[in-house]
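Trainee: Below are the structure tokens for one structure; questions will follow.
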Amino acid sequence: MKFVILAALASVALAAPQYSYDAPAGRSSADSSEEVAILRDDRVHEDDGKYNFDFESENGIRFSESGSPDGDEDAIVSAGQYSYTAPDGTEVVVKYVADENGFQPQSDLLPVAPEFPHPIPQFVLDQIAFAAEEDARRARGDSREAPSRSYGAPQ
């Protein structure tokens, strides 16, 4: 019985994944972890839940944020920015707000959706406005105007 347990343990040990790291060309794996000095690390956390911190490292990474509880459920609303130098030398700066609308970053380097390829026809805009008016009437409980039962027929 001891032999079976020993064989099972040996087979589990042999089946365990073997991890290795291949360093980029020109670097040995011993050089792969670079130490970076922290130049500034200021943190303040107040009793009422407000906080702020500023961080800066030797390699140019900077991060600052402040926040406070807000709203009925004391959700944290925060704002801040971070910056670093990209590998191609571009200075990256991202400012953000995180609140009930989610994380909202702003940066000149973030992609922007293209403009709509053509103008929306006026009859479509009129129909959207009409539908919004109907929804508003229903929300107010105004049932004086019942929806038409004959689509497209003259009234």
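For the structure tokens, the naming scheme is as follows: chains receive sequential letters (A, B, ...) according to their order of presentation, residues are indexed from 1 within each chain, and ligands are indexed from 1 in presentation order.
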Enumerate as a ChimeraX atom specification all residues of range 85-132 of chain A assigned to alpha helix (DSSP H) by DSSP on the backbone, naming them with the chain letters and numbers the document uses.

Mentor: /A:122-132

Trainee: Any chance you could export the current selection's C-alpha atoms as a short mmCIF file (atom, residue, chain, number, x, y, z; two decimals), in the first residue's frame?

Mentor:
data_model
loop_
_atom_site.label_atom_id
_atom_site.label_comp_id
_atom_site.auth_asym_id
_atom_site.auth_seq_id
_atom_site.Cartn_x
_atom_site.Cartn_y
_atom_site.Cartn_z
CA GLN A 122 -34.86 64.53 -40.95
CA PHE A 123 -37.79 62.08 -41.13
CA VAL A 124 -35.80 59.67 -38.94
CA LEU A 125 -35.04 62.42 -36.41
CA ASP A 126 -38.76 63.38 -36.45
CA GLN A 127 -39.76 59.77 -35.75
CA ILE A 128 -37.28 59.52 -32.86
CA ALA A 129 -38.68 62.75 -31.36
CA PHE A 130 -42.26 61.49 -31.80
CA ALA A 131 -41.44 58.22 -30.04
CA ALA A 132 -39.81 60.13 -27.17
#

Trainee: If you run DSSP over the backbone, which residues in range 43-116 of chain A end up strand (DSSP E)? Put them as a PyMOL selection string.

Mentor: chain A and resi 43-45+51-57+62-70+75-85+91-99+102-106

Trainee: Tell me, as a ChimeraX atom specification, which residues lie within 12 Å of range 89-95 of chain A, counting only C-alpha atoms; anything in the same chain fewer than 4 positions away does not count.

Mentor: /A:60-65,78-85,103-110

Trainee: Report as a list of chain:residue names all protein, DNA and RNA residues lying within 7 Å of Asp42 in chain A, evaluated on only C-alpha atoms, omitting residues in the same chain fewer than 3 positions from it.

Mentor: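 Result of the neighbour search: A:Phe53, A:Asp54, A:Phe55.
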